[in-house]
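For reference, the structure discussed in these notes is given below.
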Amino acid sequence: MAVSANRLELLQIADAVAREKSIDRMVVIEAMQDAMEKAAKGRYGAETEIKVEINPRSGETRMWRLLEIVEQVEENSRQIELKQAQIKSPEAKVGDFLTEPLPPMEFGRIAAQSAKQVIVQKVRDAERERMYDEYINRIGEIVNGSVKRVEYGNVIVDLGRGEAIIRRDELIPREMFRYGDRVRAYVYDVRREQRGPQIFLSRTHPQFMAKLFMQEVPEIYDGVITIRSIARDPGSRAKIAVTSSDSSIDPVGACVGMRGSRVQAVVGELQGEKIDIIPWTDGIADLVVSALQPADVAKVVLDEQAERIEVVVPDEQLSLAIGRRGQNVRLASQLIGWDIDILTEQEESERRQKEFTERSTLFMEALDVDEMVAQLLASEGFSSVEELAYIDTNEISSIEGFDEETAGEIQNRAAEYLAAIDRAHDEERKALGVEDELYEIAGLTAAMLVALGKDDVKNVEDFAGCASDDLIGWSERKDGETKRFEGTFKDFPVSREEAEDMIMQARIKAGWIKEEDLPAVDVEEVATDEAATDEASA
């Protein structure tokens, strides 16, 4: 059958629109069908159910009116009685639809305009859906585009098949773009919004630098070299830690390239941002030494529970370690994920002297000894009265000038001092209304019960409802800085495992869980782990 001119034109229009908008041809044809159905309802009545079908091969258009088969007709335009339907189709039954062919119709000006609006809207919706589907899968990639316009510091980028935006705070400081400029950026978010999908780009995101290095360094693209961490002060300075799975390949040298060619290509794209490339190590102490370069580090002290690092540097290296406006230490902290405190050797010496004086004074008051004895104990490394009370007597008697009798007397005085403190704490505990039953939980002391009472934890049920974070605190990292939230036991050396064990004891005692429901511990496995630890220590 020959295809008429108007049918051929219909298919050509559908093909042209599909190509121009980069959407499926059937989406355009379905939009045309919807438009014709709307126009036909304008002629036959809005309440009439009409179905239009366009053959995607021949362009032939067919139109039907649908009538629902019912026992009793309530709407003549949409329903037909079962008896009448069976005259036309003997197999008809209630609930089915009877189709009545409608003659082709000429579209008037208003109907044509209405149909055009339906098609335009449907095509626009399909185009937006296509754009969202395409770019939601490209989050984490670098895209290239040209600047379409700049609005209030935000750059609108033409990606060819869609538009994206680089917000002002995602641009490198002092970076200027004009209409027509080529731009590369990192896709970090795609959202559905009322006005269509919004594609958000960034040139300050740490992963933008990672992807640039991936493009410049084949070893990173191949997975031989891995970028473990990045910290950026966009447009000024950055630190990047890399590691290699092949011992024959130097990760830092590979990223720098011959005469710095590879790193310079990245620096050029980032408007001259200086990049420090350091080798990643699993040892935090070694890593912080590398991260604080070019400053020299004399000593590193780790606090793993608080994820805090204390770094001691020579006096003349302090400004270099901190950097301009704290930039060097801030980037090192972001790179590692721990807070870093910088001290000079003089400051550390003064602090150590202050701690020595405080310990000596404590021993003089608690043990009722003279200054020389107190200083001897402090200089031997004893830091608390508890340590003196419970340590082996030989550890004290081995100090020069001490004998067993003196050591025993010191331990007795330490025990009496601690007992007096415990009695005072117990009185305070009772005044706060903390129940005696909590003493049955292994690990809890009178001082801890006072701290619990001040936080309104007064019985086993209250304690069973605590979380380990409530007891020992927690840390939250945001914008490269760690904020520490203190727990009830902030003044006590309690680990997370110990806190969890105490809480579990309370829950068993409160009847929340049964001891047999707890996961069994493999004694042989624990013994093997302890033996391995002892061997490693040896």
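Every chain in the structure tokens has a letter given in the order shown (A, B, ...), and although residue numbers restart at 1 in each chain, ligands are simply numbered from 1 in the order shown.
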Which residues, written as a PyMOL selection string, have at least one atom at most 10 Å from Asp246 in chain A, with only C-alpha atoms counted and residues fewer than 5 positions away on the same chain left out? chain A and resi 224-225+251
Prev. selection, N, CA and C atoms, output as a PDB file, in the first residue's frame:
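The resulting file, result11.pdb, is reproduced below:
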ATOM      1  N   VAL A 224      47.556   0.691  39.222  1.00  0.00           N
ATOM      2  CA  VAL A 224      48.827   0.331  39.868  1.00  0.00           C
ATOM      3  C   VAL A 224      49.106   1.288  41.018  1.00  0.00           C
ATOM      4  N   ILE A 225      48.839   2.575  40.794  1.00  0.00           N
ATOM      5  CA  ILE A 225      48.991   3.599  41.835  1.00  0.00           C
ATOM      6  C   ILE A 225      47.597   4.012  42.300  1.00  0.00           C
ATOM      7  N   PRO A 251      55.484   5.738  43.506  1.00  0.00           N
ATOM      8  CA  PRO A 251      54.222   6.454  43.259  1.00  0.00           C
ATOM      9  C   PRO A 251      54.387   7.967  43.154  1.00  0.00           C
TER      10      PRO A 251
END
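Shortest atom-to-atom contact with Ile410 in chain A among A:Pro197, A:Phe213, A:Asp368, A:Val27: A:Asp368, counting only C-alpha atoms.
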DSSP helix (DSSP H, G or I) selection over range 335-512 of chain A, as an MDAnalysis selection string: chainID A and resid 335:336 345:367 371:379 385:390 393:397 404:432 436:440 446:454 460:464 468:472 496:509
Using only C-alpha atoms, the residue out of A:Ile199, A:Ala241, A:Ile165, A:Ala254 with shortest distance to Glu216 in chain A is A:Ala254
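Considering the residues A:Glu348, A:Asp276, A:Asp125, A:Asp189 and counting only C-alpha atoms, Ile230 in chain A has its shortest atom-to-atom contact with A:Asp276.
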Got a sec: who's within 8 Å of Ala407 in chain A, counting only C-alpha atoms, leaving out chain neighbours fewer than 6 positions off, as a ChimeraX atom specification? /A:393-394,396-397
Would you compute the distance between CA of Gly268 in chain A and CA of Asp222 in chain A? Give it in Å to one decimal. 23.3 Å
Nearby residues (only C-alpha atoms) at most 10 Å from range 175-177 of chain A, same-chain spacing under 3 positions excluded, as a ChimeraX atom specification: /A:146-150,153-155,168,171-172,180-183,235,270-271
Using the chain letters and numbers from this document, which residues of range 398-522 of chain A does DSSP assign to strand (DSSP E), as a list in words? Trp474, Ser475, Glu476, Arg477, Lys478, Glu481, Thr482, Lys483, Arg484 and Phe485 of chain A
Saved selection, atoms kept: C-alpha atoms, as a compact mmCIF listing (two decimals), in the first residue's frame:
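The file below, part13.txt, is the result:
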# COMPACT_ATOMS: atom_id res chain seq x y z
CA TRP A 474 32.39 10.46 70.18
CA SER A 475 33.97 12.51 67.40
CA GLU A 476 32.36 14.07 64.33
CA ARG A 477 34.43 15.27 61.39
CA LYS A 478 33.11 18.14 59.29
CA GLU A 481 37.91 19.53 61.40
CA THR A 482 37.07 17.02 64.12
CA LYS A 483 34.68 18.07 66.87
CA ARG A 484 34.86 16.05 70.09
CA PHE A 485 31.74 15.38 72.18
Which residues are close to Gln411 in chain A, i.e. within 9 Å by only C-alpha atoms, leaving aside same-chain residues fewer than 6 positions away? Reply as a PyMOL selection string. chain A and resi 367+385+388-391+393+396
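Reported to one decimal place, the separation of CA of Val460 in chain A from CA of Ala506 in chain A is 5.8 Å.
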Just the residues within 8 Å of Ala447 in chain A, please, counting only C-alpha atoms, with nothing from its chain fewer than 6 positions along; format it as an MDAnalysis selection string. chainID A and resid 422 425:426
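The gap separating CA of Lys274 in chain A from CA of Gly260 in chain A is 12.3 Å, in Å to one decimal.
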Neighbouring residues of Ser379 in chain A were defined as those with any atom within 9 Å, considering only C-alpha atoms; residues of the same chain fewer than 3 positions away were excluded. Please report them as a VMD selection string. chain A and resid 356 360 374 to 376 382
Against range 134-139 of chain A, which residues of range 169-192 of chain A fall within 10 Å? For each one I want the closest pair of atoms and the distance in Å (one decimal), counting only C-alpha atoms, rows by chain and increasing residue number, as JSON lines.
{"residue": "A:Tyr186", "atom": "CA", "partner": "A:Ile139", "partner_atom": "CA", "distance": 8.0}
{"residue": "A:Val187", "atom": "CA", "partner": "A:Ile139", "partner_atom": "CA", "distance": 5.0}
{"residue": "A:Tyr188", "atom": "CA", "partner": "A:Ile139", "partner_atom": "CA", "distance": 5.4}
{"residue": "A:Asp189", "atom": "CA", "partner": "A:Ile139", "partner_atom": "CA", "distance": 6.2}
{"residue": "A:Val190", "atom": "CA", "partner": "A:Ile136", "partner_atom": "CA", "distance": 5.7}
{"residue": "A:Arg191", "atom": "CA", "partner": "A:Ile136", "partner_atom": "CA", "distance": 8.2}
{"residue": "A:Arg192", "atom": "CA", "partner": "A:Ile136", "partner_atom": "CA", "distance": 9.9}
Those same residues, written as a compact mmCIF listing (two decimals), in the first residue's frame with N, CA, C and O atoms?
# COMPACT_ATOMS: atom_id res chain seq x y z
N TYR A 186 34.04 18.77 37.50
CA TYR A 186 33.69 17.46 38.08
C TYR A 186 32.19 17.42 38.37
O TYR A 186 31.65 18.33 39.00
N VAL A 187 31.50 16.39 37.90
CA VAL A 187 30.07 16.22 38.17
C VAL A 187 29.92 15.61 39.58
O VAL A 187 30.29 14.46 39.81
N TYR A 188 29.39 16.41 40.52
CA TYR A 188 29.27 15.89 41.89
C TYR A 188 27.83 15.68 42.33
O TYR A 188 27.57 15.03 43.35
N ASP A 189 26.85 16.17 41.55
CA ASP A 189 25.45 15.93 41.94
C ASP A 189 24.53 16.18 40.74
O ASP A 189 24.80 17.06 39.92
N VAL A 190 23.47 15.37 40.66
CA VAL A 190 22.42 15.55 39.65
C VAL A 190 21.09 15.39 40.38
O VAL A 190 20.87 14.38 41.05
N ARG A 191 20.22 16.39 40.26
CA ARG A 191 18.95 16.35 40.98
C ARG A 191 17.78 16.62 40.05
O ARG A 191 17.89 17.38 39.10
N ARG A 192 16.66 15.95 40.36
CA ARG A 192 15.40 16.27 39.67
C ARG A 192 14.78 17.47 40.37
O ARG A 192 14.59 17.46 41.58
